[in-house]
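Here's the structure we're looking at; comments come further down.
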Amino acid sequence: MLLSILLATILVSLVAGHYDTCLAENKNPYVMFSTYTPYELVHENSDDPVSIPKCKPIQFWILSRHGTRYTDVDGINDMWSLIDFRDQIINNYKNGWGALCAEDVDNLKKWTPQAVSTVSMNLTPQGYKDAYNLALRYKSKFPSLLNQSYDPDKFEVKFTESQRTTLTAFAFIDGIFGSTVDVQLPQPISPDPLLKPSDYCTAWINEVHDNPDIKKEYNAFKKGPEIEEVTRIVSKRLGFGSSIGFDNLDLIYTICRFEKAWNVYNISPWCAAFSEDDLKVLEYKEDLDSYYKRGFGTEMNKLVGCPLAKDFIDRFRKLENWEKQPAGVFYFSHDTDMQLFFTSLGIGEDERPLTHSNYASMGNRNWRTSLLTPFASNFVAIFFKCDEGEPFRVQFHLQEKLLKLKGCKDDKWGLCDWSVFKQNYGSISKTCNLDFC
């Protein structure tokens, strides 16, 4: 036993001073961090007004995830527990073990935990900026709808009961109207079958969310060769002669992601533990988990995610029939419910299912939560009245980028004929029912 430990120590020391990655020197670090991805680094950065000849927007409908939040109480306590682990890494480096560059070690030396338990799960300052700036950009893009004074008949706002969605809604409203003072804000309901069906649907909670069988693929991947190799490499990079174990690996990965989201343009020293290849494996781990819990890996997810899809489809049908509707509908929810919503619309669907054994062939997968549901993720549907050709058309945006839905033709404006959309998706409105819950 002593001999094996000695050999492991010698092997680690052989790589001292030779680093394979140096975050402090990386001008373009990998930031695809699944649902903890910073919105500031993935959204379309344009506020040019949308002007489409012969077409006028008549309703703006948005579903947005809350902005960047703090981790939960356990996560914050775990962050504080990393102080001793950090000191071990620094000591390893002093002894000539590991493969971190000097700059990354210096950043670890300066590191202190950035949150306390009293702010757990709350919106961060960056989270407020996420929503506020999002509103400003969309206000600039669609001034005829959004650049007008608040009127309760023209605008509808709803959010869940959490602090982070409430403040995200306030930030968005501040961006649109300049203040929340005169805006009528409804009391959130709980459970909410529209904005948070994941809490409302007991059948889904029992059969999917709390069902251990749903995690079979995730657990198999977690114990598989890819994660084993990442754990081995990271342990070696940090100067340990034996494995740090999956729990420690996952902890520093989680803290890395949160700290990057909290301070978008700063470095989290914990991210230095990983190469880009390591991060892609860990990203797939997160996607595999959500694929079965909230995505296309489980059939019930489509049924639970339909209320929000039904909402905008029904509103657009009313506009088609010249019934009165608000100019803006603003909804604020959570990543779980957005993923269920996307599943109901077929957004992010792949030809092949994600499994524990096909990581190598799924690099270009559509179910990628870094791009589907980062912090402040948003899906926008806009209904247009046109004077030529198809009288009504729809346009979709995901993270402010034009989104083409299945069945819609290629169009330089990103417009889809309303008749085509109804043919492909209208059944959602007719069949959506949560009575089974």
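Going through the structure tokens in order, the chains are called A, B, and so on, while each chain numbers its residues from 1 and the ligands are numbered from 1 in the order shown.
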
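Shell of A:Pro374 at 7 Å, with only C-alpha atoms counted and residues fewer than 3 places along the chain excluded, is Ser34, Thr35, Tyr36, Thr37, Pro38, Tyr39, Thr369, Ser370, Leu371 and Ser377 of chain A.
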
Using the selection just defined, write its residues with N, CA and C atoms as a tab-separated table (two decimals), in the first residue's frame.
chain	number	residue	atom	x	y	z
A	34	SER	N	-24.45	24.48	-19.03
A	34	SER	CA	-25.81	23.95	-18.86
A	34	SER	C	-26.72	25.07	-18.33
A	35	THR	N	-27.56	24.78	-17.37
A	35	THR	CA	-28.54	25.77	-16.91
A	35	THR	C	-27.92	26.90	-16.10
A	36	TYR	N	-26.62	26.82	-15.82
A	36	TYR	CA	-25.93	27.90	-15.11
A	36	TYR	C	-25.10	28.76	-16.08
A	37	THR	N	-25.35	28.61	-17.35
A	37	THR	CA	-24.63	29.40	-18.35
A	37	THR	C	-24.99	30.88	-18.21
A	38	PRO	N	-24.01	31.78	-18.21
A	38	PRO	CA	-24.32	33.22	-18.12
A	38	PRO	C	-25.04	33.70	-19.39
A	39	TYR	N	-26.20	34.31	-19.23
A	39	TYR	CA	-26.95	34.78	-20.39
A	39	TYR	C	-26.17	35.81	-21.19
A	369	THR	N	-28.80	22.29	-22.95
A	369	THR	CA	-29.41	23.23	-22.01
A	369	THR	C	-28.61	24.52	-21.86
A	370	SER	N	-27.34	24.50	-22.23
A	370	SER	CA	-26.56	25.74	-22.21
A	370	SER	C	-27.17	26.78	-23.14
A	371	LEU	N	-27.77	26.33	-24.23
A	371	LEU	CA	-28.37	27.22	-25.22
A	371	LEU	C	-29.89	27.30	-25.09
A	377	SER	N	-32.94	32.72	-19.76
A	377	SER	CA	-33.43	32.20	-21.04
A	377	SER	C	-34.79	32.79	-21.37

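Summary of the local environment: counting only C-alpha atoms, residues at most 9 Å from A:Pro125, other than itself and those fewer than 5 positions away along its chain, are A:Thr68, A:Arg69, A:Asp130, A:Trp262.
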
Test item: residues at most 12 Å from A:Gly389, only C-alpha atoms, excluding those fewer than 2 positions along its chain, as a PyMOL selection string = chain A and resi 53-55+385-387+391-393+416-419

All strand (DSSP E) positions in stretch 52-256 of chain A, as an mmCIF file with all heavy atoms, in the first residue's frame:
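As written to disk, selection36.cif reads:
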data_model
loop_
_atom_site.group_PDB
_atom_site.id
_atom_site.type_symbol
_atom_site.label_atom_id
_atom_site.label_comp_id
_atom_site.auth_asym_id
_atom_site.auth_seq_id
_atom_site.Cartn_x
_atom_site.Cartn_y
_atom_site.Cartn_z
ATOM 1 N N CYS A 55 -45.900 44.252 -43.033
ATOM 2 C CA CYS A 55 -46.300 43.485 -41.852
ATOM 3 C C CYS A 55 -46.131 44.328 -40.585
ATOM 4 O O CYS A 55 -45.134 45.051 -40.446
ATOM 5 C CB CYS A 55 -45.477 42.209 -41.719
ATOM 6 S SG CYS A 55 -45.835 40.954 -42.962
ATOM 7 N N LYS A 56 -47.082 44.203 -39.680
ATOM 8 C CA LYS A 56 -47.058 44.968 -38.437
ATOM 9 C C LYS A 56 -47.235 44.025 -37.253
ATOM 10 O O LYS A 56 -48.159 43.213 -37.233
ATOM 11 C CB LYS A 56 -48.186 46.004 -38.446
ATOM 12 C CG LYS A 56 -48.294 46.814 -37.152
ATOM 13 C CD LYS A 56 -49.474 47.758 -37.201
ATOM 14 C CE LYS A 56 -49.607 48.537 -35.900
ATOM 15 N NZ LYS A 56 -50.795 49.439 -35.922
ATOM 16 N N PRO A 57 -46.346 44.105 -36.260
ATOM 17 C CA PRO A 57 -46.513 43.254 -35.078
ATOM 18 C C PRO A 57 -47.698 43.729 -34.236
ATOM 19 O O PRO A 57 -47.862 44.936 -34.013
ATOM 20 C CB PRO A 57 -45.195 43.431 -34.330
ATOM 21 C CG PRO A 57 -44.699 44.784 -34.729
ATOM 22 C CD PRO A 57 -45.154 44.979 -36.156
ATOM 23 N N ILE A 58 -48.509 42.788 -33.759
ATOM 24 C CA ILE A 58 -49.677 43.193 -32.952
ATOM 25 C C ILE A 58 -49.703 42.537 -31.566
ATOM 26 O O ILE A 58 -50.520 42.916 -30.735
ATOM 27 C CB ILE A 58 -51.008 42.943 -33.692
ATOM 28 C CG1 ILE A 58 -51.133 41.497 -34.136
ATOM 29 C CG2 ILE A 58 -51.143 43.888 -34.877
ATOM 30 C CD1 ILE A 58 -52.460 41.207 -34.841
ATOM 31 N N GLN A 59 -48.833 41.574 -31.329
ATOM 32 C CA GLN A 59 -48.666 41.086 -29.946
ATOM 33 C C GLN A 59 -47.265 40.530 -29.745
ATOM 34 O O GLN A 59 -46.722 39.831 -30.598
ATOM 35 C CB GLN A 59 -49.686 40.014 -29.572
ATOM 36 C CG GLN A 59 -49.598 39.650 -28.065
ATOM 37 C CD GLN A 59 -50.671 38.671 -27.615
ATOM 38 O OE1 GLN A 59 -50.601 37.488 -27.919
ATOM 39 N NE2 GLN A 59 -51.679 39.167 -26.894
ATOM 40 N N PHE A 60 -46.705 40.868 -28.581
ATOM 41 C CA PHE A 60 -45.399 40.380 -28.134
ATOM 42 C C PHE A 60 -45.631 39.502 -26.919
ATOM 43 O O PHE A 60 -46.144 39.951 -25.903
ATOM 44 C CB PHE A 60 -44.506 41.575 -27.783
ATOM 45 C CG PHE A 60 -43.155 41.228 -27.204
ATOM 46 C CD1 PHE A 60 -42.029 41.185 -28.015
ATOM 47 C CD2 PHE A 60 -43.000 40.980 -25.840
ATOM 48 C CE1 PHE A 60 -40.779 40.898 -27.482
ATOM 49 C CE2 PHE A 60 -41.758 40.684 -25.302
ATOM 50 C CZ PHE A 60 -40.641 40.641 -26.122
ATOM 51 N N TRP A 61 -45.261 38.221 -27.034
ATOM 52 C CA TRP A 61 -45.469 37.243 -25.954
ATOM 53 C C TRP A 61 -44.112 36.686 -25.564
ATOM 54 O O TRP A 61 -43.374 36.175 -26.400
ATOM 55 C CB TRP A 61 -46.372 36.121 -26.463
ATOM 56 C CG TRP A 61 -46.838 35.097 -25.469
ATOM 57 C CD1 TRP A 61 -48.041 35.059 -24.836
ATOM 58 C CD2 TRP A 61 -46.124 33.916 -25.028
ATOM 59 N NE1 TRP A 61 -48.131 33.943 -24.022
ATOM 60 C CE2 TRP A 61 -46.962 33.224 -24.118
ATOM 61 C CE3 TRP A 61 -44.869 33.383 -25.309
ATOM 62 C CZ2 TRP A 61 -46.587 32.040 -23.498
ATOM 63 C CZ3 TRP A 61 -44.477 32.207 -24.678
ATOM 64 C CH2 TRP A 61 -45.338 31.546 -23.791
ATOM 65 N N ILE A 62 -43.759 36.783 -24.265
ATOM 66 C CA ILE A 62 -42.452 36.291 -23.817
ATOM 67 C C ILE A 62 -42.605 35.389 -22.612
ATOM 68 O O ILE A 62 -43.385 35.668 -21.691
ATOM 69 C CB ILE A 62 -41.498 37.467 -23.485
ATOM 70 C CG1 ILE A 62 -40.103 36.929 -23.104
ATOM 71 C CG2 ILE A 62 -42.048 38.358 -22.384
ATOM 72 C CD1 ILE A 62 -39.018 37.996 -22.973
ATOM 73 N N LEU A 63 -41.863 34.299 -22.638
ATOM 74 C CA LEU A 63 -41.673 33.438 -21.475
ATOM 75 C C LEU A 63 -40.198 33.501 -21.136
ATOM 76 O O LEU A 63 -39.351 33.146 -21.967
ATOM 77 C CB LEU A 63 -42.083 31.997 -21.779
ATOM 78 C CG LEU A 63 -41.734 30.972 -20.692
ATOM 79 C CD1 LEU A 63 -42.501 31.257 -19.405
ATOM 80 C CD2 LEU A 63 -41.998 29.549 -21.180
ATOM 81 N N SER A 64 -39.883 33.951 -19.936
ATOM 82 C CA SER A 64 -38.482 34.115 -19.543
ATOM 83 C C SER A 64 -38.191 33.374 -18.249
ATOM 84 O O SER A 64 -39.002 33.367 -17.316
ATOM 85 C CB SER A 64 -38.153 35.603 -19.356
ATOM 86 O OG SER A 64 -36.810 35.777 -18.916
ATOM 87 N N ARG A 65 -37.039 32.758 -18.223
ATOM 88 C CA ARG A 65 -36.534 32.234 -16.963
ATOM 89 C C ARG A 65 -36.005 33.404 -16.141
ATOM 90 O O ARG A 65 -35.612 34.443 -16.695
ATOM 91 C CB ARG A 65 -35.400 31.241 -17.237
ATOM 92 C CG ARG A 65 -34.851 30.577 -15.979
ATOM 93 C CD ARG A 65 -33.568 29.815 -16.242
ATOM 94 N NE ARG A 65 -33.072 29.212 -15.008
ATOM 95 C CZ ARG A 65 -31.865 28.687 -14.851
ATOM 96 N NH1 ARG A 65 -31.015 28.684 -15.864
ATOM 97 N NH2 ARG A 65 -31.498 28.164 -13.685
ATOM 98 N N PHE A 155 -51.033 45.542 -21.365
ATOM 99 C CA PHE A 155 -49.912 44.711 -20.915
ATOM 100 C C PHE A 155 -50.340 43.804 -19.768
ATOM 101 O O PHE A 155 -51.062 44.223 -18.864
ATOM 102 C CB PHE A 155 -48.732 45.588 -20.478
ATOM 103 C CG PHE A 155 -48.156 46.397 -21.593
ATOM 104 C CD1 PHE A 155 -48.538 47.723 -21.783
ATOM 105 C CD2 PHE A 155 -47.241 45.847 -22.478
ATOM 106 C CE1 PHE A 155 -48.032 48.478 -22.820
ATOM 107 C CE2 PHE A 155 -46.724 46.596 -23.521
ATOM 108 C CZ PHE A 155 -47.109 47.913 -23.696
ATOM 109 N N GLU A 156 -49.872 42.574 -19.838
ATOM 110 C CA GLU A 156 -50.182 41.577 -18.816
ATOM 111 C C GLU A 156 -48.882 40.963 -18.311
ATOM 112 O O GLU A 156 -48.027 40.571 -19.107
ATOM 113 C CB GLU A 156 -51.081 40.495 -19.416
ATOM 114 C CG GLU A 156 -51.579 39.471 -18.422
ATOM 115 C CD GLU A 156 -52.536 38.472 -19.052
ATOM 116 O OE1 GLU A 156 -53.321 38.885 -19.939
ATOM 117 O OE2 GLU A 156 -52.484 37.289 -18.679
ATOM 118 N N VAL A 157 -48.747 40.896 -17.001
ATOM 119 C CA VAL A 157 -47.523 40.393 -16.372
ATOM 120 C C VAL A 157 -47.878 39.297 -15.380
ATOM 121 O O VAL A 157 -48.803 39.454 -14.575
ATOM 122 C CB VAL A 157 -46.762 41.516 -15.627
ATOM 123 C CG1 VAL A 157 -45.435 40.986 -15.074
ATOM 124 C CG2 VAL A 157 -46.534 42.719 -16.524
ATOM 125 N N LYS A 158 -47.146 38.183 -15.422
ATOM 126 C CA LYS A 158 -47.320 37.115 -14.441
ATOM 127 C C LYS A 158 -45.962 36.510 -14.104
ATOM 128 O O LYS A 158 -45.089 36.418 -14.966
ATOM 129 C CB LYS A 158 -48.246 36.013 -14.974
ATOM 130 C CG LYS A 158 -49.719 36.397 -15.038
ATOM 131 C CD LYS A 158 -50.570 35.199 -15.482
ATOM 132 C CE LYS A 158 -52.045 35.575 -15.549
ATOM 133 N NZ LYS A 158 -52.872 34.427 -16.005
ATOM 134 N N PHE A 159 -45.823 36.103 -12.844
ATOM 135 C CA PHE A 159 -44.582 35.467 -12.409
ATOM 136 C C PHE A 159 -44.901 34.509 -11.265
ATOM 137 O O PHE A 159 -45.970 34.586 -10.657
ATOM 138 C CB PHE A 159 -43.567 36.524 -11.958
ATOM 139 C CG PHE A 159 -44.141 37.622 -11.098
ATOM 140 C CD1 PHE A 159 -44.253 37.479 -9.720
ATOM 141 C CD2 PHE A 159 -44.605 38.802 -11.682
ATOM 142 C CE1 PHE A 159 -44.800 38.490 -8.942
ATOM 143 C CE2 PHE A 159 -45.157 39.813 -10.906
ATOM 144 C CZ PHE A 159 -45.254 39.660 -9.532
#

I'd like the neighbourhood of stretch 144-151 of chain A as a CSV table (one decimal) with C-alpha atoms, in the first residue's frame, where a residue qualifies if any of its atoms comes within 7 Å (using only C-alpha atoms), though same-chain residues fewer than 2 positions away should be ignored.
chain,number,residue,atom,x,y,z
A,58,ILE,CA,-49.7,43.2,-33.0
A,139,LYS,CA,-38.2,47.6,-26.5
A,142,PHE,CA,-40.4,46.3,-31.3
A,153,ASP,CA,-55.5,46.8,-20.9
A,154,LYS,CA,-52.3,46.7,-23.1
A,155,PHE,CA,-49.9,44.7,-20.9
A,176,ILE,CA,-39.9,48.5,-20.6
A,177,PHE,CA,-41.7,51.3,-18.6
A,183,VAL,CA,-47.9,48.6,-13.1
A,327,ALA,CA,-49.9,44.3,-26.9
A,328,GLY,CA,-47.5,42.6,-24.5

A:Ala171 surroundings by only C-alpha atoms, 8 Å radius, close-in-sequence under 3 positions cut, as a list of chain:residue names |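 Final neighbour list, sorted by chain and number: A:Tyr128, A:Lys129, A:Ala131, A:Tyr132, A:Leu167, A:Thr168, A:Asp174, A:Gly175.
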
Write out, as a PDB file, in the first residue's frame, the residues just selected, with N, CA, C and O atoms.
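Generated file (part-v1.pdb):
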ATOM      1  N   TYR A 128     -30.455  40.818 -12.185  1.00  0.00           N
ATOM      2  CA  TYR A 128     -31.292  42.003 -12.450  1.00  0.00           C
ATOM      3  C   TYR A 128     -30.893  42.640 -13.784  1.00  0.00           C
ATOM      4  O   TYR A 128     -31.751  42.995 -14.599  1.00  0.00           O
ATOM      5  N   LYS A 129     -29.586  42.733 -14.011  1.00  0.00           N
ATOM      6  CA  LYS A 129     -29.108  43.297 -15.272  1.00  0.00           C
ATOM      7  C   LYS A 129     -29.564  42.455 -16.462  1.00  0.00           C
ATOM      8  O   LYS A 129     -29.905  42.993 -17.521  1.00  0.00           O
ATOM      9  N   ALA A 131     -32.283  40.785 -16.975  1.00  0.00           N
ATOM     10  CA  ALA A 131     -33.669  41.051 -17.363  1.00  0.00           C
ATOM     11  C   ALA A 131     -33.863  42.493 -17.811  1.00  0.00           C
ATOM     12  O   ALA A 131     -34.606  42.770 -18.762  1.00  0.00           O
ATOM     13  N   TYR A 132     -33.232  43.422 -17.124  1.00  0.00           N
ATOM     14  CA  TYR A 132     -33.379  44.839 -17.456  1.00  0.00           C
ATOM     15  C   TYR A 132     -32.857  45.124 -18.871  1.00  0.00           C
ATOM     16  O   TYR A 132     -33.536  45.770 -19.683  1.00  0.00           O
ATOM     17  N   LEU A 167     -38.374  39.468  -8.808  1.00  0.00           N
ATOM     18  CA  LEU A 167     -37.446  40.565  -9.107  1.00  0.00           C
ATOM     19  C   LEU A 167     -37.042  40.586 -10.571  1.00  0.00           C
ATOM     20  O   LEU A 167     -36.760  41.653 -11.126  1.00  0.00           O
ATOM     21  N   THR A 168     -37.009  39.429 -11.216  1.00  0.00           N
ATOM     22  CA  THR A 168     -36.752  39.407 -12.650  1.00  0.00           C
ATOM     23  C   THR A 168     -37.868  40.123 -13.399  1.00  0.00           C
ATOM     24  O   THR A 168     -37.606  40.909 -14.327  1.00  0.00           O
ATOM     25  N   ASP A 174     -39.065  47.458 -15.348  1.00  0.00           N
ATOM     26  CA  ASP A 174     -38.265  48.682 -15.267  1.00  0.00           C
ATOM     27  C   ASP A 174     -37.673  49.031 -16.624  1.00  0.00           C
ATOM     28  O   ASP A 174     -37.628  50.201 -17.020  1.00  0.00           O
ATOM     29  N   GLY A 175     -37.204  48.008 -17.328  1.00  0.00           N
ATOM     30  CA  GLY A 175     -36.614  48.244 -18.639  1.00  0.00           C
ATOM     31  C   GLY A 175     -37.631  48.703 -19.672  1.00  0.00           C
ATOM     32  O   GLY A 175     -37.321  49.540 -20.524  1.00  0.00           O
TER      33      GLY A 175
END

Pull the closest atom pair for each residue of stretch 68-186 of chain A that gets at most 12 Å from stretch 244-255 of chain A, along with the distance in Å to one decimal, counting only C-alpha atoms, ordering rows by chain and then ascending residue number, as JSON lines.
{"residue": "A:Tyr70", "atom": "CA", "partner": "A:Ile255", "partner_atom": "CA", "distance": 10.4}
{"residue": "A:Thr71", "atom": "CA", "partner": "A:Ile255", "partner_atom": "CA", "distance": 8.7}
{"residue": "A:Asp72", "atom": "CA", "partner": "A:Thr254", "partner_atom": "CA", "distance": 11.4}
{"residue": "A:Asp74", "atom": "CA", "partner": "A:Leu251", "partner_atom": "CA", "distance": 10.8}
{"residue": "A:Gly75", "atom": "CA", "partner": "A:Ile255", "partner_atom": "CA", "distance": 8.0}
{"residue": "A:Ile76", "atom": "CA", "partner": "A:Ile255", "partner_atom": "CA", "distance": 8.9}
{"residue": "A:Asn77", "atom": "CA", "partner": "A:Leu251", "partner_atom": "CA", "distance": 11.0}
{"residue": "A:Asp78", "atom": "CA", "partner": "A:Leu251", "partner_atom": "CA", "distance": 7.5}
{"residue": "A:Met79", "atom": "CA", "partner": "A:Ile255", "partner_atom": "CA", "distance": 6.8}
{"residue": "A:Trp80", "atom": "CA", "partner": "A:Ile255", "partner_atom": "CA", "distance": 10.4}
{"residue": "A:Ser81", "atom": "CA", "partner": "A:Leu251", "partner_atom": "CA", "distance": 10.2}
{"residue": "A:Leu82", "atom": "CA", "partner": "A:Ile252", "partner_atom": "CA", "distance": 8.2}
{"residue": "A:Ile83", "atom": "CA", "partner": "A:Ile252", "partner_atom": "CA", "distance": 11.4}
{"residue": "A:Phe85", "atom": "CA", "partner": "A:Asn248", "partner_atom": "CA", "distance": 9.2}
{"residue": "A:Arg86", "atom": "CA", "partner": "A:Ile252", "partner_atom": "CA", "distance": 10.1}
{"residue": "A:Gln88", "atom": "CA", "partner": "A:Ile244", "partner_atom": "CA", "distance": 11.5}
{"residue": "A:Ile89", "atom": "CA", "partner": "A:Ile244", "partner_atom": "CA", "distance": 11.2}
{"residue": "A:Trp111", "atom": "CA", "partner": "A:Ile255", "partner_atom": "CA", "distance": 11.8}
{"residue": "A:Thr112", "atom": "CA", "partner": "A:Ile255", "partner_atom": "CA", "distance": 11.7}
{"residue": "A:Pro113", "atom": "CA", "partner": "A:Ile255", "partner_atom": "CA", "distance": 9.5}
{"residue": "A:Gln114", "atom": "CA", "partner": "A:Ile255", "partner_atom": "CA", "distance": 10.0}
{"residue": "A:Ala115", "atom": "CA", "partner": "A:Ile255", "partner_atom": "CA", "distance": 10.9}

Can you list, as a short mmCIF file (atom, residue, chain, number, x, y, z; two decimals) with N, CA, C and O atoms, in the first residue's frame, every protein, DNA or RNA residue that comes within 12 Å of A:Phe312 when you count only C-alpha atoms, leaving out same-chain residues fewer than 5 positions away?
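Dumped to out.cif:
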data_model
loop_
_atom_site.label_atom_id
_atom_site.label_comp_id
_atom_site.auth_asym_id
_atom_site.auth_seq_id
_atom_site.Cartn_x
_atom_site.Cartn_y
_atom_site.Cartn_z
N GLN A 59 -48.83 41.57 -31.33
CA GLN A 59 -48.67 41.09 -29.95
C GLN A 59 -47.26 40.53 -29.75
O GLN A 59 -46.72 39.83 -30.60
N PHE A 60 -46.70 40.87 -28.58
CA PHE A 60 -45.40 40.38 -28.13
C PHE A 60 -45.63 39.50 -26.92
O PHE A 60 -46.14 39.95 -25.90
N TRP A 61 -45.26 38.22 -27.03
CA TRP A 61 -45.47 37.24 -25.95
C TRP A 61 -44.11 36.69 -25.56
O TRP A 61 -43.37 36.18 -26.40
N ILE A 62 -43.76 36.78 -24.26
CA ILE A 62 -42.45 36.29 -23.82
C ILE A 62 -42.60 35.39 -22.61
O ILE A 62 -43.38 35.67 -21.69
N LEU A 63 -41.86 34.30 -22.64
CA LEU A 63 -41.67 33.44 -21.47
C LEU A 63 -40.20 33.50 -21.14
O LEU A 63 -39.35 33.15 -21.97
N LEU A 194 -50.17 27.12 -15.00
CA LEU A 194 -49.69 27.75 -16.23
C LEU A 194 -48.18 27.95 -16.19
O LEU A 194 -47.46 27.44 -17.05
N CYS A 306 -47.44 21.60 -21.96
CA CYS A 306 -48.31 22.23 -22.97
C CYS A 306 -49.05 23.50 -22.55
O CYS A 306 -49.43 24.28 -23.43
N PRO A 307 -49.33 23.77 -21.26
CA PRO A 307 -50.16 24.95 -20.93
C PRO A 307 -49.63 26.27 -21.47
O PRO A 307 -50.42 27.10 -21.96
N ARG A 317 -54.95 32.95 -31.80
CA ARG A 317 -56.23 32.63 -32.44
C ARG A 317 -57.25 33.76 -32.22
O ARG A 317 -58.01 34.11 -33.13
N LYS A 318 -57.25 34.31 -31.03
CA LYS A 318 -58.16 35.42 -30.73
C LYS A 318 -57.82 36.64 -31.58
O LYS A 318 -58.73 37.34 -32.08
N LEU A 319 -56.54 36.90 -31.74
CA LEU A 319 -56.14 38.03 -32.59
C LEU A 319 -56.56 37.79 -34.04
O LEU A 319 -56.97 38.73 -34.74
N GLN A 325 -56.82 41.78 -27.34
CA GLN A 325 -55.70 41.16 -26.65
C GLN A 325 -54.68 42.23 -26.26
O GLN A 325 -54.60 43.29 -26.89
N PRO A 326 -53.87 41.97 -25.21
CA PRO A 326 -52.82 42.94 -24.86
C PRO A 326 -51.76 43.04 -25.95
O PRO A 326 -51.59 42.11 -26.76
N GLY A 328 -48.61 43.33 -25.07
CA GLY A 328 -47.49 42.60 -24.49
C GLY A 328 -47.95 41.66 -23.40
O GLY A 328 -48.74 42.02 -22.53
N VAL A 329 -47.45 40.44 -23.44
CA VAL A 329 -47.70 39.44 -22.40
C VAL A 329 -46.35 38.98 -21.89
O VAL A 329 -45.53 38.45 -22.65
N PHE A 330 -46.10 39.21 -20.59
CA PHE A 330 -44.78 38.95 -20.01
C PHE A 330 -44.91 37.89 -18.91
O PHE A 330 -45.53 38.13 -17.87
N TYR A 331 -44.31 36.73 -19.12
CA TYR A 331 -44.34 35.63 -18.16
C TYR A 331 -42.93 35.32 -17.67
O TYR A 331 -41.97 35.31 -18.47
N PHE A 341 -41.90 23.11 -21.54
CA PHE A 341 -42.54 23.90 -22.59
C PHE A 341 -41.87 23.66 -23.95
O PHE A 341 -42.54 23.40 -24.96
N LEU A 345 -43.27 21.74 -27.70
CA LEU A 345 -43.19 22.34 -29.03
C LEU A 345 -42.17 21.65 -29.93
O LEU A 345 -42.00 22.05 -31.09
N PHE A 379 -38.02 32.85 -24.51
CA PHE A 379 -38.67 32.48 -25.76
C PHE A 379 -39.70 33.55 -26.05
O PHE A 379 -40.54 33.87 -25.21
N VAL A 380 -39.65 34.12 -27.26
CA VAL A 380 -40.57 35.18 -27.65
C VAL A 380 -41.34 34.75 -28.88
O VAL A 380 -40.76 34.24 -29.85
N ALA A 381 -42.64 34.95 -28.85
CA ALA A 381 -43.51 34.72 -30.01
C ALA A 381 -44.19 36.05 -30.35
O ALA A 381 -44.75 36.71 -29.47
N ILE A 382 -44.13 36.44 -31.62
CA ILE A 382 -44.70 37.70 -32.06
C ILE A 382 -45.70 37.43 -33.18
O ILE A 382 -45.38 36.72 -34.15
N PHE A 383 -46.87 37.99 -33.03
CA PHE A 383 -47.94 37.80 -34.02
C PHE A 383 -48.01 39.03 -34.91
O PHE A 383 -48.10 40.17 -34.43
N VAL A 394 -46.23 34.56 -37.87
CA VAL A 394 -45.63 34.52 -36.54
C VAL A 394 -44.12 34.48 -36.67
O VAL A 394 -43.56 34.00 -37.66
N PHE A 396 -40.54 33.78 -34.13
CA PHE A 396 -40.10 33.26 -32.85
C PHE A 396 -38.64 33.62 -32.61
O PHE A 396 -37.83 33.65 -33.54
N LYS A 422 -50.48 26.70 -37.43
CA LYS A 422 -51.67 26.05 -36.87
C LYS A 422 -51.77 24.60 -37.30
O LYS A 422 -52.16 23.73 -36.52
N TYR A 425 -48.97 22.83 -35.21
CA TYR A 425 -48.96 22.94 -33.75
C TYR A 425 -50.33 23.23 -33.13
O TYR A 425 -50.46 23.25 -31.90
N GLY A 426 -51.32 23.47 -33.95
CA GLY A 426 -52.63 23.83 -33.43
C GLY A 426 -53.24 22.77 -32.53
O GLY A 426 -54.02 23.09 -31.62
N ILE A 428 -51.91 21.22 -30.18
CA ILE A 428 -51.48 21.41 -28.79
C ILE A 428 -52.56 22.13 -28.01
O ILE A 428 -52.92 21.75 -26.89
N SER A 429 -53.11 23.18 -28.63
CA SER A 429 -54.16 23.96 -27.97
C SER A 429 -55.41 23.12 -27.72
O SER A 429 -56.04 23.23 -26.67
#

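Comparing A:Ala272, A:Asp84, A:Ala203, A:Gly96 by their smallest distance to A:Asp435, the closest is A:Ala203 (using only C-alpha atoms).
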
Return as a tab-separated table the residues of stretch 74-133 of chain A lying at most 10 Å from stretch 25-31 of chain A, together with the closest atom-to-atom pair for each and the distance in Å to one decimal, counting only C-alpha atoms, with rows in chain order and ascending residue number.
residue	atom	partner	partner_atom	distance
A:Cys101	CA	A:Glu25	CA	9.3
A:Glu103	CA	A:Glu25	CA	8.2
A:Asp104	CA	A:Glu25	CA	8.9

Take the residues from that selection and put them in a file with C-alpha atoms, as a compact mmCIF listing (two decimals), in the first residue's frame.
# COMPACT_ATOMS: atom_id res chain seq x y z
CA CYS A 101 -0.15 27.28 -13.98
CA GLU A 103 -1.41 32.41 -12.37
CA ASP A 104 -4.29 30.02 -11.67

Do a neighbour search on A:Lys406 at 9 Å with only C-alpha atoms, toss out local chain neighbours closer than 3 positions, and write the hits as a list in words.
-> Leu345, Gly346, Ile347, Lys409, Phe421 and Asn424 of chain A

Going by DSSP on the backbone, which bits of stretch 240-395 of chain A are helix (DSSP H, G or I)? Write them as a ChimeraX atom specification, please.
-> /A:245-262,269-273,276-293,300-304,306-320,335-345,359-361,369-372

Do you have the atom CA of A:Asn107-atom CA of A:Arg257 distance handy?
-> 16.0 Å

Would you please work out which residue, of A:Gly305, A:Gly127, A:Gly295, A:Pro186, is nearest to A:Asn263 when using only C-alpha atoms?
->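 Checking each of A:Gly305, A:Gly127, A:Gly295, A:Pro186 against A:Asn263, counting only C-alpha atoms, the winner is A:Gly127.
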
Using only C-alpha atoms, pick whichever of A:Ala360, A:Leu136, A:Leu354, A:Ile313 has the shortest atom-to-atom distance to A:Phe296.
->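 Among the listed residues, the smallest separation from A:Phe296 belongs to A:Leu354.
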